[in-house]
Amino acid sequence: MEGKTTKPKRKRSPQQQLETKNMKTLYIAKSIHRSPLRRALLLVALALVAWVLTPAPARATPSCGMPPPVILALEHFPSGSLDLMCNEFDLYGWNLKTMVKGASDVYIVQNTFPPGAHTGWHTHPGPSLVTVTAGTITAYEADALNCTPKIYRTGDSFTDLGCGEVHLLRNEGPVCAVTIAVQIIPAGQPRRMDAAQPANCPTFTCPSPTPTPCPQ
């Protein structure tokens, strides 16, 4: 009986060897990816990376030495009721135009500031018309150049647009100060929203002990 003839093995080309190696690597990678433990470790690692890269939330700056505000009045105005126009320019050199879309809450608020007290950085969702009825108030506006303060004395009035503009009111005088504010707010929304310390403004620390309350 004649013996079987063994065919010589064909030598594979470098290209075929590379393709075989890539197939083995792909198979191993798929096996690792299918492993439940490896998959769990990968998810944990991704979660840690996302946590590290997520910016820390800005810290609010609460008020210092301020008693709770006194709400003197709160009224609700339906949408369109604050659409007002009055042109008396020829007679008085004055005209008025307001156009408010959406229902509004209108507050009249009294705030009392012991010496050294401040409101903390904050904003309002609508405008405020503020009058100082006692003492002196120093107002810091984050959007102002170099956060330059403005001083308002008894009888002075000023406006605060709110709508995201951040400010702080502080009593830097020796006696108690009081303000009355008329605030127009979108109906049902919070009247005040705390804000983080602006980078271009001074940092105010609350003294210990806190400022002495003003007499009522």
# chains A, B, ... in the order shown; residues from 1 in each chain; ligands from 1
$ closest_atom_pairs --of "stretch 92-192 of chain A" --to "stretch 66-81 of chain A" --cutoff "7 Å" --atoms "only C-alpha atoms" --output "JSON lines"
{"residue": "A:Val100", "atom": "CA", "partner": "A:Gly80", "partner_atom": "CA", "distance": 6.4}
{"residue": "A:Lys101", "atom": "CA", "partner": "A:Ser79", "partner_atom": "CA", "distance": 5.7}
{"residue": "A:Gly102", "atom": "CA", "partner": "A:Ser79", "partner_atom": "CA", "distance": 4.3}
{"residue": "A:Ala103", "atom": "CA", "partner": "A:Ser79", "partner_atom": "CA", "distance": 4.2}
{"residue": "A:Ser104", "atom": "CA", "partner": "A:Phe77", "partner_atom": "CA", "distance": 5.1}
{"residue": "A:Asp105", "atom": "CA", "partner": "A:His76", "partner_atom": "CA", "distance": 4.6}
{"residue": "A:Val106", "atom": "CA", "partner": "A:Glu75", "partner_atom": "CA", "distance": 5.3}
{"residue": "A:Tyr107", "atom": "CA", "partner": "A:Leu74", "partner_atom": "CA", "distance": 4.6}
{"residue": "A:Ile108", "atom": "CA", "partner": "A:Ala73", "partner_atom": "CA", "distance": 5.0}
{"residue": "A:Val109", "atom": "CA", "partner": "A:Ile71", "partner_atom": "CA", "distance": 4.7}
{"residue": "A:Gln110", "atom": "CA", "partner": "A:Val70", "partner_atom": "CA", "distance": 5.1}
{"residue": "A:Asn111", "atom": "CA", "partner": "A:Pro69", "partner_atom": "CA", "distance": 5.0}
{"residue": "A:Thr112", "atom": "CA", "partner": "A:Met66", "partner_atom": "CA", "distance": 6.8}
{"residue": "A:Phe113", "atom": "CA", "partner": "A:Met66", "partner_atom": "CA", "distance": 6.0}
{"residue": "A:Ala117", "atom": "CA", "partner": "A:Met66", "partner_atom": "CA", "distance": 6.0}
{"residue": "A:His118", "atom": "CA", "partner": "A:Met66", "partner_atom": "CA", "distance": 6.7}
{"residue": "A:Thr119", "atom": "CA", "partner": "A:Met66", "partner_atom": "CA", "distance": 6.9}
$ residues_around --residues "A:Pro127" --least-positions-apart "6" --cutoff "12 Å" --atoms "only C-alpha atoms" --output "mmCIF file with C-alpha atoms, in the first residue's frame"
data_model
loop_
_atom_site.group_PDB
_atom_site.id
_atom_site.type_symbol
_atom_site.label_atom_id
_atom_site.label_comp_id
_atom_site.auth_asym_id
_atom_site.auth_seq_id
_atom_site.Cartn_x
_atom_site.Cartn_y
_atom_site.Cartn_z
ATOM 1 C CA VAL A 100 -46.215 93.059 31.275
ATOM 2 C CA SER A 104 -47.769 89.206 38.236
ATOM 3 C CA ASP A 105 -47.434 89.293 42.002
ATOM 4 C CA VAL A 106 -46.712 92.752 43.401
ATOM 5 C CA TYR A 107 -45.077 92.928 46.841
ATOM 6 C CA PHE A 158 -33.330 103.654 43.482
ATOM 7 C CA THR A 159 -34.375 100.822 41.199
ATOM 8 C CA ASP A 160 -33.095 97.274 40.838
ATOM 9 C CA LEU A 161 -33.945 95.536 37.582
ATOM 10 C CA GLY A 162 -33.534 92.014 38.980
ATOM 11 C CA CYS A 163 -33.959 89.536 36.130
ATOM 12 C CA GLY A 164 -30.659 87.857 37.002
ATOM 13 C CA GLU A 165 -28.719 91.005 37.943
ATOM 14 C CA VAL A 166 -26.973 90.217 41.231
ATOM 15 C CA ALA A 181 -39.462 98.079 48.197
ATOM 16 C CA VAL A 182 -42.227 97.613 45.623
ATOM 17 C CA GLN A 183 -41.431 94.444 43.676
ATOM 18 C CA ILE A 184 -43.088 93.101 40.526
ATOM 19 C CA ILE A 185 -42.604 89.334 40.270
ATOM 20 C CA PRO A 186 -43.877 86.672 37.849
ATOM 21 C CA ARG A 191 -39.454 86.800 45.399
ATOM 22 C CA ARG A 192 -35.716 86.377 46.027
#
$ select_by_dssp --residues "stretch 146-216 of chain A" --states "strand (DSSP E or B)" --output "PDB file with C-alpha atoms, in the first residue's frame"
ATOM      1  CA  LYS A 150     -23.509 103.461  45.647  1.00  0.00           C
ATOM      2  CA  ILE A 151     -24.683 105.112  48.848  1.00  0.00           C
ATOM      3  CA  TYR A 152     -28.359 105.945  49.455  1.00  0.00           C
ATOM      4  CA  ARG A 153     -29.460 108.008  52.452  1.00  0.00           C
ATOM      5  CA  SER A 157     -34.839 106.016  46.036  1.00  0.00           C
ATOM      6  CA  PHE A 158     -33.330 103.654  43.482  1.00  0.00           C
ATOM      7  CA  THR A 159     -34.375 100.822  41.199  1.00  0.00           C
ATOM      8  CA  ASP A 160     -33.095  97.274  40.838  1.00  0.00           C
ATOM      9  CA  HIS A 167     -26.650  92.774  44.023  1.00  0.00           C
ATOM     10  CA  LEU A 168     -26.116  93.180  47.765  1.00  0.00           C
ATOM     11  CA  LEU A 169     -27.390  95.868  50.156  1.00  0.00           C
ATOM     12  CA  ARG A 170     -25.410  96.616  53.308  1.00  0.00           C
ATOM     13  CA  ALA A 177     -31.478 101.470  58.321  1.00  0.00           C
ATOM     14  CA  VAL A 178     -34.856 100.636  56.774  1.00  0.00           C
ATOM     15  CA  THR A 179     -35.958 100.215  53.177  1.00  0.00           C
ATOM     16  CA  ILE A 180     -39.364  99.866  51.548  1.00  0.00           C
ATOM     17  CA  ALA A 181     -39.462  98.079  48.197  1.00  0.00           C
ATOM     18  CA  VAL A 182     -42.227  97.613  45.623  1.00  0.00           C
ATOM     19  CA  GLN A 183     -41.431  94.444  43.676  1.00  0.00           C
ATOM     20  CA  ILE A 184     -43.088  93.101  40.526  1.00  0.00           C
ATOM     21  CA  ILE A 185     -42.604  89.334  40.270  1.00  0.00           C
ATOM     22  CA  PRO A 186     -43.877  86.672  37.849  1.00  0.00           C
ATOM     23  CA  MET A 193     -33.045  84.007  44.704  1.00  0.00           C
ATOM     24  CA  ASP A 194     -29.674  83.665  46.447  1.00  0.00           C
ATOM     25  CA  ALA A 196     -22.894  83.108  44.582  1.00  0.00           C
TER      26      ALA A 196
END
$ select_by_dssp --residues "stretch 66-214 of chain A" --states "alpha helix (DSSP H)" --output "list in words"
Phe89, Asp90, Leu91 and Tyr92 of chain A
$ write_last_selection --atoms "all heavy atoms" --output "PDB file, in the first residue's frame"
ATOM      1  N   PHE A  89     -46.206 114.217  28.523  1.00  0.00           N
ATOM      2  CA  PHE A  89     -44.928 114.886  28.295  1.00  0.00           C
ATOM      3  C   PHE A  89     -45.106 116.377  28.026  1.00  0.00           C
ATOM      4  O   PHE A  89     -44.326 117.207  28.501  1.00  0.00           O
ATOM      5  CB  PHE A  89     -44.188 114.216  27.127  1.00  0.00           C
ATOM      6  CG  PHE A  89     -42.757 114.625  27.021  1.00  0.00           C
ATOM      7  CD1 PHE A  89     -41.787 114.034  27.809  1.00  0.00           C
ATOM      8  CD2 PHE A  89     -42.379 115.636  26.148  1.00  0.00           C
ATOM      9  CE1 PHE A  89     -40.462 114.433  27.729  1.00  0.00           C
ATOM     10  CE2 PHE A  89     -41.048 116.034  26.054  1.00  0.00           C
ATOM     11  CZ  PHE A  89     -40.086 115.425  26.853  1.00  0.00           C
ATOM     12  N   ASP A  90     -46.142 116.722  27.254  1.00  0.00           N
ATOM     13  CA  ASP A  90     -46.362 118.138  26.947  1.00  0.00           C
ATOM     14  C   ASP A  90     -46.711 118.949  28.185  1.00  0.00           C
ATOM     15  O   ASP A  90     -46.320 120.113  28.319  1.00  0.00           O
ATOM     16  CB  ASP A  90     -47.482 118.286  25.910  1.00  0.00           C
ATOM     17  CG  ASP A  90     -47.085 117.735  24.548  1.00  0.00           C
ATOM     18  OD1 ASP A  90     -45.863 117.646  24.299  1.00  0.00           O
ATOM     19  OD2 ASP A  90     -47.976 117.367  23.755  1.00  0.00           O
ATOM     20  N   LEU A  91     -47.433 118.330  29.111  1.00  0.00           N
ATOM     21  CA  LEU A  91     -47.885 119.042  30.305  1.00  0.00           C
ATOM     22  C   LEU A  91     -46.861 119.003  31.433  1.00  0.00           C
ATOM     23  O   LEU A  91     -46.604 120.016  32.086  1.00  0.00           O
ATOM     24  CB  LEU A  91     -49.217 118.458  30.782  1.00  0.00           C
ATOM     25  CG  LEU A  91     -49.936 119.207  31.906  1.00  0.00           C
ATOM     26  CD1 LEU A  91     -50.233 120.649  31.475  1.00  0.00           C
ATOM     27  CD2 LEU A  91     -51.224 118.485  32.289  1.00  0.00           C
ATOM     28  N   TYR A  92     -46.288 117.805  31.639  1.00  0.00           N
ATOM     29  CA  TYR A  92     -45.385 117.635  32.785  1.00  0.00           C
ATOM     30  C   TYR A  92     -43.957 117.242  32.392  1.00  0.00           C
ATOM     31  O   TYR A  92     -43.092 117.114  33.267  1.00  0.00           O
ATOM     32  CB  TYR A  92     -45.919 116.552  33.730  1.00  0.00           C
ATOM     33  CG  TYR A  92     -47.328 116.798  34.221  1.00  0.00           C
ATOM     34  CD1 TYR A  92     -48.362 115.946  33.864  1.00  0.00           C
ATOM     35  CD2 TYR A  92     -47.615 117.882  35.048  1.00  0.00           C
ATOM     36  CE1 TYR A  92     -49.662 116.148  34.319  1.00  0.00           C
ATOM     37  CE2 TYR A  92     -48.903 118.106  35.499  1.00  0.00           C
ATOM     38  CZ  TYR A  92     -49.921 117.232  35.136  1.00  0.00           C
ATOM     39  OH  TYR A  92     -51.207 117.453  35.579  1.00  0.00           O
TER      40      TYR A  92
END
$ closest_residue --among "A:Ala195, A:Met99, A:Leu129, A:Cys201" --to "A:Cys147" --atoms "only C-alpha atoms"
A:Cys201
$ atom_distance --atom1 "atom CA of A:Cys176" --atom2 "atom CA of A:His124"
23.9 Å
$ residues_around --residues "A:Thr148" --least-positions-apart "2" --cutoff "10 Å" --atoms "only C-alpha atoms" --output "list in words"
Ala139, Tyr140, Glu141, Ala142, Asp143, Ala144, Leu145, Asn146, Lys150, Asn200, Cys201 and Pro202 of chain A
$ atom_distance --atom1 "atom CA of A:Ile137" --atom2 "atom CA of A:Gly188"
28.9 Å
$ closest_residue --among "A:Pro190, A:Gly135, A:Gly116, A:Gly93" --to "A:Thr212" --atoms "only C-alpha atoms"
A:Gly116
$ atom_distance --atom1 "atom CA of A:Asn171" --atom2 "atom CA of A:Pro62"
15.3 Å
